[in-house]
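File shown: data-v9.csv. Contents: CSV, C-alpha atoms and all ligand atoms.
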```csv
chain,number,residue,atom,x,y,z
R,1,MET,CA,14.2,45.3,6.9
R,2,SER,CA,11.9,42.9,8.7
R,3,ALA,CA,13.2,40.2,11.0
R,4,VAL,CA,13.8,36.7,9.8
R,5,LYS,CA,10.6,34.6,9.8
R,6,THR,CA,12.0,31.3,8.7
R,7,PHE,CA,15.2,30.1,10.4
R,8,ASP,CA,18.3,28.4,9.0
R,9,PRO,CA,17.8,24.7,9.8
R,10,LYS,CA,21.4,24.7,11.2
R,11,VAL,CA,20.5,27.4,13.7
R,12,ILE,CA,17.4,25.5,14.8
R,13,SER,CA,19.3,22.2,15.2
R,14,LEU,CA,22.1,23.9,17.2
R,15,LEU,CA,19.5,25.4,19.6
R,16,HIS,CA,17.3,22.3,19.7
R,17,GLU,CA,20.1,20.3,21.3
R,18,LYS,CA,20.5,22.9,24.0
R,19,ILE,CA,16.8,23.4,24.9
R,20,LYS,CA,14.8,21.3,27.3
R,21,MET,CA,11.0,21.7,27.9
R,22,ILE,CA,9.8,21.2,31.4
R,23,GLN,CA,6.0,21.0,31.6
R,24,THR,CA,4.3,22.9,34.5
R,25,GLU,CA,0.7,23.4,35.7
R,26,ASN,CA,0.3,26.6,33.6
R,27,GLY,CA,2.4,25.8,30.6
R,28,ALA,CA,6.1,25.1,30.2
R,29,ILE,CA,9.5,26.2,31.3
R,30,TYR,CA,12.1,26.2,28.4
R,31,LEU,CA,15.6,25.7,29.8
R,32,VAL,CA,18.5,26.6,27.6
R,33,GLY,CA,22.0,25.5,28.3
R,34,PRO,CA,24.6,24.5,29.3
R,35,ILE,CA,26.7,27.4,28.1
R,36,ARG,CA,30.3,27.6,29.2
R,37,LEU,CA,30.7,30.7,31.4
R,38,PRO,CA,34.2,31.6,32.7
R,39,VAL,CA,33.7,33.8,35.7
R,40,ASN,CA,36.1,36.0,37.6
R,41,LEU,CA,35.8,34.8,41.2
R,42,HIS,CA,38.1,36.7,43.6
R,43,GLY,CA,40.7,37.2,40.9
R,44,GLU,CA,40.6,33.6,39.6
R,45,THR,CA,38.9,32.4,36.5
R,46,VAL,CA,36.4,29.6,37.3
R,47,THR,CA,34.3,28.0,34.6
R,48,PHE,CA,30.6,27.4,35.3
R,49,ASN,CA,27.9,25.9,33.1
R,50,TRP,CA,25.2,28.5,32.7
R,51,TYR,CA,21.5,27.8,32.0
R,52,CYS,CA,18.6,30.3,31.6
R,53,TRP,CA,14.9,29.6,31.6
R,54,LEU,CA,11.8,31.2,30.2
R,55,ASN,CA,8.1,30.5,31.1
R,56,CYS,CA,5.7,30.2,28.3
R,57,LYS,CA,2.0,29.2,28.1
R,58,GLU,CA,2.6,27.2,25.0
R,59,VAL,CA,3.7,23.6,25.6
R,60,THR,CA,5.6,22.2,22.6
R,61,GLU,CA,8.8,20.5,21.7
R,62,ASP,CA,8.8,22.3,18.4
R,63,TYR,CA,11.2,24.9,19.7
R,64,GLU,CA,11.2,26.7,16.4
R,65,ARG,CA,7.7,27.9,17.3
R,66,ILE,CA,9.0,29.3,20.6
R,67,ILE,CA,12.1,30.9,19.1
R,68,ALA,CA,9.9,32.5,16.4
R,69,LYS,CA,7.9,34.3,19.1
R,70,LEU,CA,10.8,35.7,21.0
R,71,SER,CA,11.8,38.6,18.8
R,72,ALA,CA,8.3,40.0,19.2
R,73,SER,CA,7.9,39.4,22.9
R,74,ASN,CA,10.2,42.2,24.1
R,75,LEU,CA,11.9,40.0,26.6
R,76,ALA,CA,14.4,42.6,27.7
R,77,GLU,CA,11.4,44.4,29.4
R,78,PHE,CA,11.1,41.3,31.7
R,79,GLN,CA,13.7,39.6,33.7
R,80,GLN,CA,14.6,36.0,33.2
R,81,SER,CA,16.1,33.8,35.9
R,82,SER,CA,19.2,31.6,35.4
R,83,VAL,CA,21.4,29.1,37.1
R,84,LEU,CA,25.2,28.7,37.3
R,85,VAL,CA,26.1,25.0,37.7
R,86,TYR,CA,29.5,23.8,38.8
R,87,GLY,CA,31.2,20.3,38.7
R,88,ASP,CA,29.3,17.1,38.3
R,89,PHE,CA,26.0,18.5,39.5
R,90,GLN,CA,23.8,15.8,38.1
R,91,ASP,CA,25.6,12.8,39.7
R,92,ALA,CA,27.8,13.9,42.6
R,93,ASP,CA,26.7,12.4,45.9
R,94,GLN,CA,26.7,15.8,47.6
R,95,ALA,CA,26.0,19.1,46.0
R,96,LEU,CA,25.6,22.6,47.4
R,97,ILE,CA,22.9,24.9,46.2
R,98,ARG,CA,21.8,28.5,46.7
R,99,PHE,CA,18.5,30.1,45.6
R,100,HIS,CA,19.7,33.7,45.4
R,101,SER,CA,17.1,36.4,45.1
R,102,ILE,CA,18.1,39.2,42.7
R,103,CYS,CA,19.3,42.3,44.5
R,104,HIS,CA,20.1,45.1,42.0
R,105,THR,CA,21.6,47.4,44.7
R,106,GLY,CA,23.6,44.7,46.5
R,107,ASP,CA,24.7,42.4,43.7
R,108,ILE,CA,25.4,45.0,41.0
R,109,PHE,CA,26.4,48.1,42.9
R,110,GLY,CA,27.8,46.4,46.0
R,111,SER,CA,25.5,48.3,48.3
R,112,LYS,CA,26.3,47.9,52.0
R,113,ARG,CA,22.7,48.2,53.0
R,114,CYS,CA,22.3,44.5,52.7
R,115,ASP,CA,24.6,41.5,52.5
R,116,CYS,CA,23.3,40.1,49.1
R,117,GLY,CA,26.4,40.9,47.1
R,118,TYR,CA,28.6,39.2,49.7
R,119,GLN,CA,26.3,36.2,49.9
R,120,LEU,CA,26.3,35.9,46.1
R,121,LYS,CA,30.1,35.8,45.8
R,122,GLU,CA,30.5,33.7,48.9
R,123,SER,CA,28.0,31.1,47.8
R,124,MET,CA,29.7,30.8,44.4
R,125,LYS,CA,33.1,30.4,46.2
R,126,GLN,CA,31.7,27.7,48.5
R,127,ILE,CA,30.2,25.8,45.6
R,128,VAL,CA,33.5,25.8,43.8
R,129,ASP,CA,35.4,24.8,47.0
R,130,HIS,CA,32.9,22.0,47.6
R,131,GLY,CA,33.3,20.8,44.0
R,132,HIS,CA,29.7,20.4,42.9
R,133,GLY,CA,26.7,22.7,43.1
R,134,ALA,CA,24.5,25.3,41.6
R,135,LEU,CA,23.6,28.9,42.2
R,136,PHE,CA,20.0,29.8,41.1
R,137,TYR,CA,19.7,33.6,40.4
R,138,LEU,CA,16.0,34.4,40.8
R,139,ALA,CA,15.1,37.5,38.8
R,140,ASN,CA,11.6,38.1,40.0
R,141,HIS,CA,12.5,38.3,43.6
R,142,GLU,CA,13.8,41.9,44.0
R,143,GLY,CA,13.1,43.2,47.4
R,144,ARG,CA,11.5,40.0,48.5
R,145,GLY,CA,9.2,40.1,45.5
R,146,ILE,CA,8.2,43.8,45.6
R,147,GLY,CA,10.2,45.0,42.7
R,148,LEU,CA,13.0,47.6,42.4
R,149,PHE,CA,10.9,50.7,42.3
R,150,SER,CA,9.0,49.7,45.4
R,151,LYS,CA,12.3,48.7,47.0
R,152,ALA,CA,13.5,52.3,46.5
R,153,MET,CA,10.4,53.6,48.2
R,154,ALA,CA,10.9,51.1,51.0
R,155,TYR,CA,14.5,52.4,51.5
R,156,ILE,CA,13.1,55.9,51.9
R,157,LEU,CA,10.7,54.6,54.7
R,158,GLN,CA,13.7,52.8,56.2
R,159,GLU,CA,15.7,56.0,56.3
R,160,ASN,CA,12.8,57.4,58.3
R,161,GLY,CA,12.6,54.8,61.0
R,162,TYR,CA,10.7,51.9,59.5
R,163,ASP,CA,12.3,48.5,59.6
R,164,THR,CA,12.5,46.3,56.4
R,165,VAL,CA,9.4,44.3,57.3
R,166,ASP,CA,7.2,47.3,58.2
R,167,ALA,CA,8.4,49.3,55.1
R,168,ASN,CA,7.1,46.5,52.8
R,169,LEU,CA,3.8,46.2,54.8
R,170,GLN,CA,3.3,50.1,54.7
R,171,LEU,CA,3.5,50.0,50.9
R,172,GLY,CA,0.8,47.4,50.8
R,173,PHE,CA,2.9,44.4,50.1
R,174,VAL,CA,3.0,41.1,52.1
R,175,ASP,CA,6.4,40.7,53.9
R,176,ASP,CA,7.6,38.0,51.5
R,177,SER,CA,5.9,37.0,48.2
R,178,ARG,CA,8.6,34.9,46.7
R,179,ASP,CA,7.8,31.7,44.9
R,180,TYR,CA,10.3,29.0,44.3
R,181,SER,CA,8.3,26.5,42.3
R,182,ASP,CA,9.9,27.1,38.9
R,183,ALA,CA,13.4,27.1,40.3
R,184,ILE,CA,12.7,23.8,41.9
R,185,LYS,CA,11.4,22.3,38.7
R,186,VAL,CA,14.6,23.5,37.0
R,187,LEU,CA,16.7,22.0,39.8
R,188,LYS,CA,14.9,18.7,39.4
R,189,ALA,CA,15.6,18.7,35.6
R,190,LEU,CA,19.3,19.1,36.5
R,191,ARG,CA,19.6,16.8,39.4
R,192,ASP,CA,17.3,14.4,41.2
R,193,LYS,CA,19.5,13.6,44.2
R,194,PRO,CA,19.2,15.5,47.5
R,195,VAL,CA,21.1,18.8,47.9
R,196,LYS,CA,22.6,20.9,50.7
R,197,LEU,CA,21.1,24.4,50.8
R,198,MET,CA,23.0,27.6,51.7
R,199,THR,CA,20.7,30.0,53.6
R,200,ASN,CA,20.2,31.7,56.9
R,201,ASN,CA,16.5,31.6,56.5
R,202,PRO,CA,14.5,28.7,58.0
R,203,ARG,CA,11.3,30.0,56.4
R,204,LYS,CA,13.0,29.7,53.0
R,205,VAL,CA,13.9,26.1,53.9
R,206,ASP,CA,10.2,25.4,54.7
R,207,ALA,CA,9.0,27.0,51.5
R,208,LEU,CA,11.4,25.1,49.5
R,209,VAL,CA,10.7,21.7,51.1
R,210,LYS,CA,7.0,22.4,50.7
R,211,ALA,CA,7.6,23.1,47.0
R,212,GLY,CA,9.3,19.7,46.7
R,213,LEU,CA,13.0,20.3,47.4
R,214,ASP,CA,14.9,17.1,48.4
R,215,LEU,CA,17.0,18.6,51.1
R,216,ASP,CA,19.7,16.8,53.1
R,217,ASP,CA,21.3,19.7,55.0
R,218,ARG,CA,21.4,23.5,55.5
R,219,ILE,CA,24.5,25.6,55.6
R,220,GLN,CA,24.5,29.2,56.9
R,221,LEU,CA,26.0,32.1,55.1
R,222,TRP,CA,26.6,35.0,57.4
R,223,GLY,CA,29.2,37.7,56.9
R,224,ASP,CA,30.0,41.3,55.8
R,225,VAL,CA,28.4,43.0,58.8
R,226,SER,CA,28.9,46.8,58.8
R,227,GLU,CA,27.4,49.9,60.4
R,228,TYR,CA,25.2,50.2,57.3
R,229,ASN,CA,23.4,46.9,57.5
R,230,GLU,CA,23.5,46.1,61.3
R,231,LYS,CA,19.9,47.2,61.8
R,232,TYR,CA,18.8,45.4,58.7
R,233,LEU,CA,20.4,42.1,59.8
R,234,LYS,CA,18.9,42.5,63.3
R,235,THR,CA,15.4,42.8,61.7
R,236,LYS,CA,16.1,39.7,59.7
R,237,ILE,CA,16.8,37.8,62.8
R,238,GLU,CA,14.1,39.3,65.0
R,239,ARG,CA,11.3,39.7,62.6
R,240,SER,CA,11.9,37.4,59.6
R,241,GLY,CA,12.8,34.3,61.5
R,242,HIS,CA,16.4,34.2,60.5
R,243,LEU,CA,18.8,32.3,62.7
R,244,GLY,CA,21.5,34.5,64.0
R,245,GLU,CA,23.9,31.9,65.2
R,246,ASN,CA,26.9,34.2,64.9
R,247,LYS,CA,25.6,37.1,67.1
R,248,GLY,CA,25.0,40.3,65.2
R,249,GLU,CA,25.9,38.9,61.8
R,250,GLY,CA,23.9,38.4,58.6
R,251,CYS,CA,22.0,40.9,56.4
R,252,CYS,CA,19.4,41.9,53.3
R,253,ASN,CA,16.0,40.4,53.9
R,254,ASN,CA,16.4,38.9,50.5
R,255,ASP,CA,18.0,35.7,51.7
R,301,ZN,ZN,20.1,43.0,49.0
```
Please express what this file holds, its structure, as structure tokens.
Amino acid sequence: MSAVKTFDPKVISLLHEKIKMIQTENGAIYLVGPIRLPVNLHGETVTFNWYCWLNCKEVTEDYERIIAKLSASNLAEFQQSSVLVYGDFQDADQALIRFHSICHTGDIFGSKRCDCGYQLKESMKQIVDHGHGALFYLANHEGRGIGLFSKAMAYILQENGYDTVDANLQLGFVDDSRDYSDAIKVLKALRDKPVKLMTNNPRKVDALVKAGLDLDDRIQLWGDVSEYNEKYLKTKIERSGHLGENKGEGCCNND
């Protein structure tokens, strides 16, 4: 049986209400949401509003055209980024945000080689405690933009004496190839007031401000130091410009 080519008008109207088109230099970002997402956060159920976005060359507000292309575009082969929004993110005077780079090993498996999993959960907790905020989960940022397979190879080099920065360079990558411009466009569609950014990485602050982020403060996010990530954290501080205010703390170059 072939897939549906024409859609039920009710389906299209339900989705139309929840999709927003954001025009970019190369096409458009289609942002879908909010979707109610109850999350287990340290044993308590907290409800976020979840949005996901997709880049497309075609620029149209006829979303049926976009939806019709999805079933043939094999989206599961590619990763999409998304954002968890909490509280009155659009209008609150102060809001906390984090741009979290995907870390398959840290976020999903709880790997202790980096502090990504800890930073992910801790930033969600701080957003909830603060009352208003958003966590951007950036799917094309694995291993600072080198991808999961290359990150596995970089880990092998690290097991043989290379630090995280050298390992990436030895494999032919630049140290950090992450781009935040789409995430900032999505942020601006959700809120146009300034935000407080959670990061330990001043270079990330520079990159974000250059890309148009309206920033009013930076909050650090150190923690979860162990024998497995000490060296990694030290590299972040010594080679990647991270501020190690709490001596010896911090972790995965992903921040
Ligand atoms: Zn990590």
Can you work out which one of R:Gln94, R:Ser101, R:Gln119, R:Ser13 has the shortest atom-to-atom distance to R:Lys196, counting all atoms listed in the file?
R:Gln94
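Checking R:Val11, R:Leu120, R:Ile67, R:Leu37 one by one against ligand ZN 301 (chain R), counting all atoms listed in the file, you find the shortest gap at R:Leu120.
Interatomic distance, atom CA of R:Leu75 against atom CA of R:Leu138: 15.8 Å.
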Could you tell me which of R:Tyr63, R:Tyr51, R:Tyr155, R:Tyr30 comes closest to ligand ZN 301 (chain R) if we count only C-alpha atoms and all ligand atoms?
R:Tyr155
Applying 9 Å and only C-alpha atoms, which residues near R:Asp182 remain after dropping the ones on its own chain fewer than 5 positions away? List them as a list in words.
Thr24, Ile29, Asn55 and Leu187 of chain R
How many Å lie between atom CA of R:Val59 and atom CA of R:Asn26, rounded to one decimal?
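Value for the atom CA of R:Val59-atom CA of R:Asn26 distance: 9.2 Å.
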Taking 4 positions as the minimum chain separation for residues in the same chain, which residues sit within 7 Å of stretch 40-48 of chain R when counting all atoms listed in the file? Answer as an mmCIF file with C-alpha atoms, keeping the file's coordinate frame.
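Printed below is part.cif as written:
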```
data_model
loop_
_atom_site.group_PDB
_atom_site.id
_atom_site.type_symbol
_atom_site.label_atom_id
_atom_site.label_comp_id
_atom_site.auth_asym_id
_atom_site.auth_seq_id
_atom_site.Cartn_x
_atom_site.Cartn_y
_atom_site.Cartn_z
ATOM 1 C CA ARG R 36 30.300 27.600 29.200
ATOM 2 C CA LEU R 84 25.200 28.700 37.300
ATOM 3 C CA VAL R 85 26.100 25.000 37.700
ATOM 4 C CA TYR R 86 29.500 23.800 38.800
#
```
Write out as a ChimeraX atom specification the residues lying within 10 Å of R:Ile146, counting all atoms listed in the file and excluding same-chain residues fewer than 6 positions away.
/R:140,154,168,171-178
Of the candidates R:Glu227, R:Glu142, R:Asp166, R:Asp192, which one gets nearest to R:Gly212 if we count only C-alpha atoms?
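Ranked by minimum distance to R:Gly212, first place goes to R:Asp192.
In this comparison, which uses only C-alpha atoms, the residue of R:Gln90, R:Thr164, R:Thr6, R:Ser73 approaching R:His132 most closely is R:Gln90.
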Out of R:Gly145, R:Cys56, R:Ser81, R:Ala139, which residue has the shortest atom-to-atom distance to R:Lys69 when counting all atoms listed in the file?
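Of the candidates, the smallest distance to R:Lys69 is held by R:Cys56.
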Please list as a compact mmCIF listing (two decimals) with C-alpha atoms, in the coordinates of the input every residue within 12 Å of R:His100, counting all atoms listed in the file and excluding residues in the same chain fewer than 4 positions away.
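Saved to part-v4.txt:
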```txt
# COMPACT_ATOMS: atom_id res chain seq x y z
CA SER R 81 16.10 33.80 35.90
CA SER R 82 19.20 31.60 35.40
CA VAL R 83 21.40 29.10 37.10
CA LEU R 84 25.20 28.70 37.30
CA HIS R 104 20.10 45.10 42.00
CA GLY R 106 23.60 44.70 46.50
CA ASP R 107 24.70 42.40 43.70
CA ASP R 115 24.60 41.50 52.50
CA CYS R 116 23.30 40.10 49.10
CA GLY R 117 26.40 40.90 47.10
CA TYR R 118 28.60 39.20 49.70
CA GLN R 119 26.30 36.20 49.90
CA LEU R 120 26.30 35.90 46.10
CA LYS R 121 30.10 35.80 45.80
CA GLU R 122 30.50 33.70 48.90
CA SER R 123 28.00 31.10 47.80
CA MET R 124 29.70 30.80 44.40
CA ALA R 134 24.50 25.30 41.60
CA LEU R 135 23.60 28.90 42.20
CA PHE R 136 20.00 29.80 41.10
CA TYR R 137 19.70 33.60 40.40
CA LEU R 138 16.00 34.40 40.80
CA ALA R 139 15.10 37.50 38.80
CA ASN R 140 11.60 38.10 40.00
CA HIS R 141 12.50 38.30 43.60
CA GLU R 142 13.80 41.90 44.00
CA GLY R 143 13.10 43.20 47.40
CA ARG R 144 11.50 40.00 48.50
CA ARG R 178 8.60 34.90 46.70
CA TYR R 180 10.30 29.00 44.30
CA ALA R 183 13.40 27.10 40.30
CA LEU R 197 21.10 24.40 50.80
CA MET R 198 23.00 27.60 51.70
CA THR R 199 20.70 30.00 53.60
CA ASN R 200 20.20 31.70 56.90
CA ASN R 201 16.50 31.60 56.50
CA LYS R 204 13.00 29.70 53.00
CA LEU R 221 26.00 32.10 55.10
CA CYS R 252 19.40 41.90 53.30
CA ASN R 253 16.00 40.40 53.90
CA ASN R 254 16.40 38.90 50.50
CA ASP R 255 18.00 35.70 51.70
```
Just the number, please: distance in Å from atom CA of R:Arg239 to atom CA of R:Cys103, one decimal.
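Atom CA of R:Cys103 lies at a distance of 20.0 Å from atom CA of R:Arg239.
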If we count all atoms listed in the file, what is near R:Lys20 at a cut-off of 9 Å, once residues fewer than 6 positions away on the same chain are taken out, given as a VMD selection string?
chain R and resid 29 to 33 61 189
Please produce stretch 158-174 of chain R, completed to N, CA and C atoms, as a compact mmCIF listing (two decimals), in the frame of the given file.
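Done, and the output landed in out.txt:
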```txt
# COMPACT_ATOMS: atom_id res chain seq x y z
N GLN R 158 12.68 53.28 55.28
CA GLN R 158 13.70 52.80 56.20
C GLN R 158 14.58 53.91 56.72
N GLU R 159 14.85 54.87 55.85
CA GLU R 159 15.70 56.00 56.30
C GLU R 159 14.93 56.88 57.29
N ASN R 160 13.62 56.64 57.39
CA ASN R 160 12.80 57.40 58.30
C ASN R 160 12.22 56.57 59.43
N GLY R 161 12.95 55.52 59.78
CA GLY R 161 12.60 54.80 61.00
C GLY R 161 11.88 53.50 60.87
N TYR R 162 11.38 53.17 59.68
CA TYR R 162 10.70 51.90 59.50
C TYR R 162 11.69 50.77 59.32
N ASP R 163 11.42 49.58 59.87
CA ASP R 163 12.30 48.50 59.60
C ASP R 163 11.92 47.84 58.23
N THR R 164 12.71 46.88 57.75
CA THR R 164 12.50 46.30 56.40
C THR R 164 11.11 45.68 56.27
N VAL R 165 10.67 45.01 57.33
CA VAL R 165 9.40 44.30 57.30
C VAL R 165 8.25 45.34 57.22
N ASP R 166 8.27 46.32 58.16
CA ASP R 166 7.20 47.30 58.20
C ASP R 166 7.16 48.17 56.93
N ALA R 167 8.32 48.47 56.37
CA ALA R 167 8.40 49.30 55.10
C ALA R 167 7.57 48.57 54.04
N ASN R 168 7.80 47.27 53.88
CA ASN R 168 7.10 46.50 52.80
C ASN R 168 5.56 46.51 53.15
N LEU R 169 5.22 46.31 54.42
CA LEU R 169 3.80 46.20 54.80
C LEU R 169 3.12 47.59 54.58
N GLN R 170 3.82 48.70 54.91
CA GLN R 170 3.30 50.10 54.70
C GLN R 170 2.96 50.34 53.27
N LEU R 171 3.72 49.74 52.38
CA LEU R 171 3.50 50.00 50.90
C LEU R 171 2.47 49.05 50.34
N GLY R 172 1.86 48.25 51.21
CA GLY R 172 0.80 47.40 50.80
C GLY R 172 1.19 46.02 50.29
N PHE R 173 2.45 45.68 50.54
CA PHE R 173 2.90 44.40 50.10
C PHE R 173 2.88 43.39 51.32
N VAL R 174 2.81 42.10 51.00
CA VAL R 174 3.00 41.10 52.10
C VAL R 174 4.54 41.14 52.34
```
